[in-house]
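Chemist: Submitted below is the structure of interest, expressed as structure tokens.
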Number of protein chains: 2
Amino acid sequence: MNYLEINKVLSNQARVNILQWLKAPDENFPPHVDLGHFKDGVCAQYIQVKLKLSQSTVSHYLSMMEKVGLLIPTRHGKWTYYRRNEKTIKAYIHFLRMNL
Amino acid sequence: MNYLEINKVLSNQARVNILQWLKAPDENFPPHVDLGHFKDGVCAQYIQVKLKLSQSTVSHYLSMMEKVGLLIPTRHGKWTYYRRNEKTIKAYIHFLRMNL
DNA sequence: TCTACATATCGAGGTATGTCGATATGATGT
DNA sequence: ACATCATATCGACATACCTCGATATGTAGA
């Protein structure tokens with residue numbers, strides 16, 4: 001858990017939105033055609049549409065969030081689903097509570 | 001309390017250090033010649049020396065930390081002392097705990 | 001194997017941030 | 001008023017970030 005790296009990633013409204021939306025996928029996204037559940041999160045495309053940013057930008061954001069441990073990707077066929085990594089998020093907040 | 005602004009400010013190791021050092025000024029700084037106490041925090045110069053960054057950079061950092069409500073400045077003659085603004089820091093952490 | 005689709009990566013332009021030295025401001029003591 | 005010291009502000013330049021369109025990669029189905 002690299003606190004500074006995570007902080008940089010969360011210094012952007014779009015990326016914070018992603019994390020917040022994924023707290024309640026069923027309230028923020030339509031059910032996915034193929035899967036019908038949100039166990040593995042939400043596919044990149046739905047996130048991209050909701051963010052109203054280009055596909056390449058959103059893909060980039062998702063992969064940097066994954067890189068610092070905020071998201072966990074799961075591939076289903078051609079779709080990549082992303083869900084929150086609660087472990088890292090909890091550790092991050094704990095670090096702030098202790099050190100800030 | 002603007003969460004995103006604060007996050008940007010805290011995406012920098014030097015500025016995080018300032019906040020951490022000011023948690024225990026007596027452990028991190030020599031007693032100030034004129035005042036002999038830390039009620040109003042630590043003067044900019046001591047922070048600058050410890051950070052090993054230029055005077056202008058540190059002054060800039062301190063004023064941006066003040067601007068987002070993380071620090072409170074107090075002027076004593078030609079010295080400006082900075083201390084933590086616990087209210088904002090608490091609100092920031094609370095926001096993260098609720099929204100992240 | 002060819003096509004279609006979801007995602008990832010590349011390259012690029014504009015904007016923001018990090019950091020500095022130089023200069024300005026404000027306060028103290030002579 | 002003047003010299004001195006602490007701090008603040010002003011350019012300036014290098015590096016990083018935001019965001020895009022174009023292209024590449026990987027997967028599924030005809």
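Following the order of the structure tokens, first chain is A, next is B, and so on, with residues numbered from 1 inside each chain and ligands from 1 in the order they appear.
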To test your reading of the structure, identify every residue in chain B that backbone DSSP assigns to helix (DSSP H, G or I), and report it as a ChimeraX atom specification.
Modeler: /B:3-9,13-21,25-28,44-51,55-67,86-99
Chemist: Contacts of segment 11-17 of chain D at 10 Å or less, counting only C-alpha atoms (C1' of nucleotides), minus same-chain residues fewer than 4 places along, as a short mmCIF file (atom, residue, chain, number, x, y, z; two decimals) with C-alpha atoms (C1' of nucleotides), in the first residue's frame?
Modeler:
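Full text of around-v6.cif as output:
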```cif
data_model
loop_
_atom_site.label_atom_id
_atom_site.label_comp_id
_atom_site.auth_asym_id
_atom_site.auth_seq_id
_atom_site.Cartn_x
_atom_site.Cartn_y
_atom_site.Cartn_z
"C1'" DT C 15 -2.41 22.36 -19.02
"C1'" DA C 16 -0.80 21.86 -14.24
"C1'" DT C 17 2.82 21.02 -10.80
"C1'" DG C 18 7.65 21.14 -8.74
"C1'" DT C 19 11.20 23.85 -7.92
"C1'" DC C 20 14.33 27.47 -8.34
"C1'" DG C 21 16.65 32.30 -8.13
"C1'" DA C 22 15.48 37.06 -8.04
#
```
Chemist: Please find the residues of chain D near chain B - the criterion being any atom within 9 Å, counting only C-alpha atoms (C1' of nucleotides) - and write them as a list in words.
Modeler: DC5, DA6, DT7, DA8 and DT9 of chain D
Chemist: Pick out the residues sitting within 7 Å of Arg84 of chain B, and hand them over as an MDAnalysis selection string; count only C-alpha atoms (C1' of nucleotides), and ignore anything fewer than 5 positions along from it in its own chain.
Modeler: chainID B and resid 19 22 70:72
Chemist: Export, as a PDB file, in the first residue's frame, the selected residues with N, CA and C atoms.
Modeler:
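File result_12.pdb, as written:
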```
ATOM      1  N   LEU B  19       2.868  18.241   7.604  1.00  0.00           N
ATOM      2  CA  LEU B  19       1.718  17.938   8.448  1.00  0.00           C
ATOM      3  C   LEU B  19       2.099  16.954   9.558  1.00  0.00           C
ATOM      4  N   LEU B  22       4.380  18.540  12.279  1.00  0.00           N
ATOM      5  CA  LEU B  22       3.673  19.480  13.152  1.00  0.00           C
ATOM      6  C   LEU B  22       2.776  18.781  14.168  1.00  0.00           C
ATOM      7  N   LEU B  70      -5.491  23.395   5.814  1.00  0.00           N
ATOM      8  CA  LEU B  70      -4.736  22.391   6.577  1.00  0.00           C
ATOM      9  C   LEU B  70      -3.868  23.023   7.658  1.00  0.00           C
ATOM     10  N   LEU B  71      -3.451  24.275   7.435  1.00  0.00           N
ATOM     11  CA  LEU B  71      -2.583  24.941   8.399  1.00  0.00           C
ATOM     12  C   LEU B  71      -3.166  26.289   8.807  1.00  0.00           C
ATOM     13  N   ILE B  72      -2.782  26.715  10.004  1.00  0.00           N
ATOM     14  CA  ILE B  72      -3.195  28.033  10.496  1.00  0.00           C
ATOM     15  C   ILE B  72      -1.937  28.850  10.777  1.00  0.00           C
TER      16      ILE B  72
END
```
Chemist: Tell me as a count of residues only which residues belonging to chain B come within 8 Å of chain A, counting only C-alpha atoms.
Modeler: 17
Chemist: With distances taken over only C-alpha atoms (C1' of nucleotides), which residue among A:Met98, A:Pro25, A:Met65, A:Thr57 lies nearest chain C?
Modeler: A:Thr57
Chemist: If you take only C-alpha atoms (C1' of nucleotides) and a cut-off of 10 Å, which residues of chain C touch chain A, and what are their nearest atom pairs and distances in Å to one decimal, in chain and number order, as CSV?
Modeler:
```
residue,atom,partner,partner_atom,distance
C:DC5,C1',A:Lys78,CA,7.9
C:DA6,C1',A:Lys78,CA,5.3
C:DT7,C1',A:Ser59,CA,7.3
C:DA8,C1',A:Ser59,CA,7.1
C:DT9,C1',A:Ser56,CA,8.7
```
Chemist: Restrict the selected residues to N, CA and C atoms (P, O5', C5', C4', C3', O3' and C1' of nucleotides) and save them as a PDB file, in the first residue's frame.
Modeler:
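Output below, filename part28.pdb:
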```
ATOM      1  P    DC C   5     -19.817  -4.778 -34.335  1.00  0.00           P
ATOM      2  O5'  DC C   5     -19.236  -4.922 -32.853  1.00  0.00           O
ATOM      3  C5'  DC C   5     -19.599  -6.051 -32.075  1.00  0.00           C
ATOM      4  C4'  DC C   5     -18.619  -6.205 -30.943  1.00  0.00           C
ATOM      5  C3'  DC C   5     -18.374  -4.902 -30.164  1.00  0.00           C
ATOM      6  O3'  DC C   5     -18.575  -5.185 -28.793  1.00  0.00           O
ATOM      7  C1'  DC C   5     -16.343  -5.942 -30.703  1.00  0.00           C
ATOM      8  P    DA C   6     -18.745  -3.978 -27.739  1.00  0.00           P
ATOM      9  O5'  DA C   6     -17.504  -4.258 -26.770  1.00  0.00           O
ATOM     10  C5'  DA C   6     -17.482  -5.459 -26.010  1.00  0.00           C
ATOM     11  C4'  DA C   6     -16.178  -5.517 -25.226  1.00  0.00           C
ATOM     12  C3'  DA C   6     -15.863  -4.249 -24.433  1.00  0.00           C
ATOM     13  O3'  DA C   6     -15.455  -4.638 -23.133  1.00  0.00           O
ATOM     14  C1'  DA C   6     -14.082  -4.757 -25.924  1.00  0.00           C
ATOM     15  P    DT C   7     -15.043  -3.550 -22.074  1.00  0.00           P
ATOM     16  O5'  DT C   7     -13.481  -3.502 -22.347  1.00  0.00           O
ATOM     17  C5'  DT C   7     -12.721  -4.697 -22.169  1.00  0.00           C
ATOM     18  C4'  DT C   7     -11.288  -4.470 -22.580  1.00  0.00           C
ATOM     19  C3'  DT C   7     -10.573  -3.352 -21.825  1.00  0.00           C
ATOM     20  O3'  DT C   7      -9.545  -3.968 -21.072  1.00  0.00           O
ATOM     21  C1'  DT C   7     -10.060  -3.329 -24.141  1.00  0.00           C
ATOM     22  P    DA C   8      -8.521  -3.084 -20.189  1.00  0.00           P
ATOM     23  O5'  DA C   8      -7.269  -2.912 -21.171  1.00  0.00           O
ATOM     24  C5'  DA C   8      -6.684  -4.065 -21.749  1.00  0.00           C
ATOM     25  C4'  DA C   8      -5.446  -3.672 -22.564  1.00  0.00           C
ATOM     26  C3'  DA C   8      -4.518  -2.671 -21.886  1.00  0.00           C
ATOM     27  O3'  DA C   8      -3.195  -3.157 -22.050  1.00  0.00           O
ATOM     28  C1'  DA C   8      -5.167  -1.861 -24.013  1.00  0.00           C
ATOM     29  P    DT C   9      -1.965  -2.352 -21.428  1.00  0.00           P
ATOM     30  O5'  DT C   9      -1.408  -1.535 -22.681  1.00  0.00           O
ATOM     31  C5'  DT C   9      -0.904  -2.254 -23.793  1.00  0.00           C
ATOM     32  C4'  DT C   9      -0.504  -1.276 -24.892  1.00  0.00           C
ATOM     33  C3'  DT C   9       0.486  -0.188 -24.459  1.00  0.00           C
ATOM     34  O3'  DT C   9       1.556  -0.203 -25.395  1.00  0.00           O
ATOM     35  C1'  DT C   9      -1.315   0.758 -25.620  1.00  0.00           C
TER      36       DT C   9
END
```
Chemist: Quick one: pull the distance between atom CA of Glu27 of chain B and atom CA of Asn85 of chain B, Å, one decimal.
Modeler: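 If I compute the distance from atom CA of Glu27 of chain B to atom CA of Asn85 of chain B, I get 18.7 Å.
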Chemist: Compile the contact shell of Gly41 of chain B as a list in words: residues with an atom at most 6 Å away, counting only C-alpha atoms (C1' of nucleotides), same-chain residues fewer than 4 positions apart removed.
Modeler: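 Contacts, with the query itself left out: Tyr81, Tyr82 and Arg83 of chain B.
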Chemist: Can you pull out the residues contacting DT4 of chain D? Cut-off 12 Å, using only C-alpha atoms (C1' of nucleotides), and skip same-chain residues under 6 positions away; I want them as a ChimeraX atom specification.
Modeler: /B:78 /C:27-30
Chemist: Would you save the residues from that selection as a short mmCIF file (atom, residue, chain, number, x, y, z; two decimals), in the first residue's frame, using all heavy atoms?
Modeler:
```cif
data_model
loop_
_atom_site.label_atom_id
_atom_site.label_comp_id
_atom_site.auth_asym_id
_atom_site.auth_seq_id
_atom_site.Cartn_x
_atom_site.Cartn_y
_atom_site.Cartn_z
N LYS B 78 8.47 39.39 12.73
CA LYS B 78 8.81 39.02 11.35
C LYS B 78 8.66 37.54 11.08
O LYS B 78 8.82 37.09 9.95
CB LYS B 78 10.25 39.48 11.03
CG LYS B 78 11.28 39.11 12.03
CD LYS B 78 12.62 39.78 11.69
CE LYS B 78 13.62 39.60 12.80
NZ LYS B 78 14.90 40.28 12.52
P DA C 27 4.01 44.49 9.09
OP1 DA C 27 2.82 43.90 9.72
OP2 DA C 27 4.05 45.92 8.72
"O5'" DA C 27 5.26 44.19 10.04
"C5'" DA C 27 5.50 42.86 10.46
"C4'" DA C 27 6.83 42.81 11.16
"O4'" DA C 27 7.88 43.07 10.20
"C3'" DA C 27 6.99 43.86 12.27
"O3'" DA C 27 7.52 43.24 13.43
"C2'" DA C 27 7.96 44.88 11.70
"C1'" DA C 27 8.77 44.04 10.73
N9 DA C 27 9.31 44.79 9.60
C8 DA C 27 8.63 45.61 8.74
N7 DA C 27 9.39 46.15 7.81
C5 DA C 27 10.64 45.66 8.09
C6 DA C 27 11.90 45.85 7.48
N6 DA C 27 12.07 46.64 6.41
N1 DA C 27 12.96 45.22 8.00
C2 DA C 27 12.78 44.42 9.08
N3 DA C 27 11.65 44.16 9.73
C4 DA C 27 10.62 44.82 9.19
P DT C 28 7.67 44.09 14.79
OP1 DT C 28 6.96 43.32 15.82
OP2 DT C 28 7.30 45.50 14.52
"O5'" DT C 28 9.22 44.06 15.10
"C5'" DT C 28 10.04 43.04 14.51
"C4'" DT C 28 11.50 43.31 14.85
"O4'" DT C 28 12.15 43.90 13.70
"C3'" DT C 28 11.72 44.27 16.01
"O3'" DT C 28 12.76 43.78 16.83
"C2'" DT C 28 12.08 45.59 15.33
"C1'" DT C 28 12.76 45.11 14.05
N1 DT C 28 12.60 46.02 12.87
C2 DT C 28 13.69 46.31 12.09
O2 DT C 28 14.80 45.87 12.32
N3 DT C 28 13.44 47.14 11.02
C4 DT C 28 12.23 47.70 10.67
O4 DT C 28 12.13 48.43 9.70
C5 DT C 28 11.13 47.37 11.54
C7 DT C 28 9.78 47.93 11.24
C6 DT C 28 11.36 46.55 12.59
P DG C 29 13.11 44.52 18.25
OP1 DG C 29 13.45 43.48 19.23
OP2 DG C 29 12.06 45.52 18.53
"O5'" DG C 29 14.45 45.30 17.87
"C5'" DG C 29 15.53 44.57 17.26
"C4'" DG C 29 16.61 45.53 16.79
"O4'" DG C 29 16.14 46.27 15.64
"C3'" DG C 29 16.99 46.60 17.83
"O3'" DG C 29 18.39 46.87 17.68
"C2'" DG C 29 16.17 47.80 17.42
"C1'" DG C 29 16.25 47.66 15.90
N9 DG C 29 15.19 48.33 15.14
C8 DG C 29 13.85 48.43 15.45
N7 DG C 29 13.16 49.08 14.56
C5 DG C 29 14.11 49.45 13.61
C6 DG C 29 13.96 50.19 12.39
O6 DG C 29 12.93 50.67 11.92
N1 DG C 29 15.18 50.34 11.75
C2 DG C 29 16.38 49.84 12.18
N2 DG C 29 17.45 50.09 11.42
N3 DG C 29 16.54 49.16 13.31
C4 DG C 29 15.36 49.00 13.96
P DT C 30 19.19 47.80 18.77
OP1 DT C 30 20.27 46.97 19.30
OP2 DT C 30 18.22 48.45 19.68
"O5'" DT C 30 19.83 48.92 17.83
"C5'" DT C 30 20.60 48.51 16.69
"C4'" DT C 30 21.00 49.72 15.86
"O4'" DT C 30 19.86 50.18 15.08
"C3'" DT C 30 21.47 50.93 16.67
"O3'" DT C 30 22.65 51.46 16.08
"C2'" DT C 30 20.31 51.92 16.58
"C1'" DT C 30 19.71 51.58 15.23
N1 DT C 30 18.26 51.88 15.10
C2 DT C 30 17.80 52.53 13.98
O2 DT C 30 18.52 52.89 13.09
N3 DT C 30 16.44 52.73 13.96
C4 DT C 30 15.52 52.36 14.92
O4 DT C 30 14.33 52.60 14.78
C5 DT C 30 16.07 51.69 16.07
C7 DT C 30 15.16 51.25 17.16
C6 DT C 30 17.39 51.48 16.11
#
```
Chemist: State, in Å with one decimal place, the distance from atom CA of Arg15 of chain A to atom CA of Lys50 of chain A.
Modeler: 12.0 Å
Chemist: Have a look at atom CA of Ile47 of chain B and atom CA of Ile18 of chain B and let me know their distance in Å, one decimal.
Modeler: 7.2 Å
Chemist: DSSP on the backbone: what in segment 6-84 of chain B comes out strand (DSSP E or B), as an MDAnalysis selection string?
Modeler: chainID B and resid 42:43 71:76 79:84
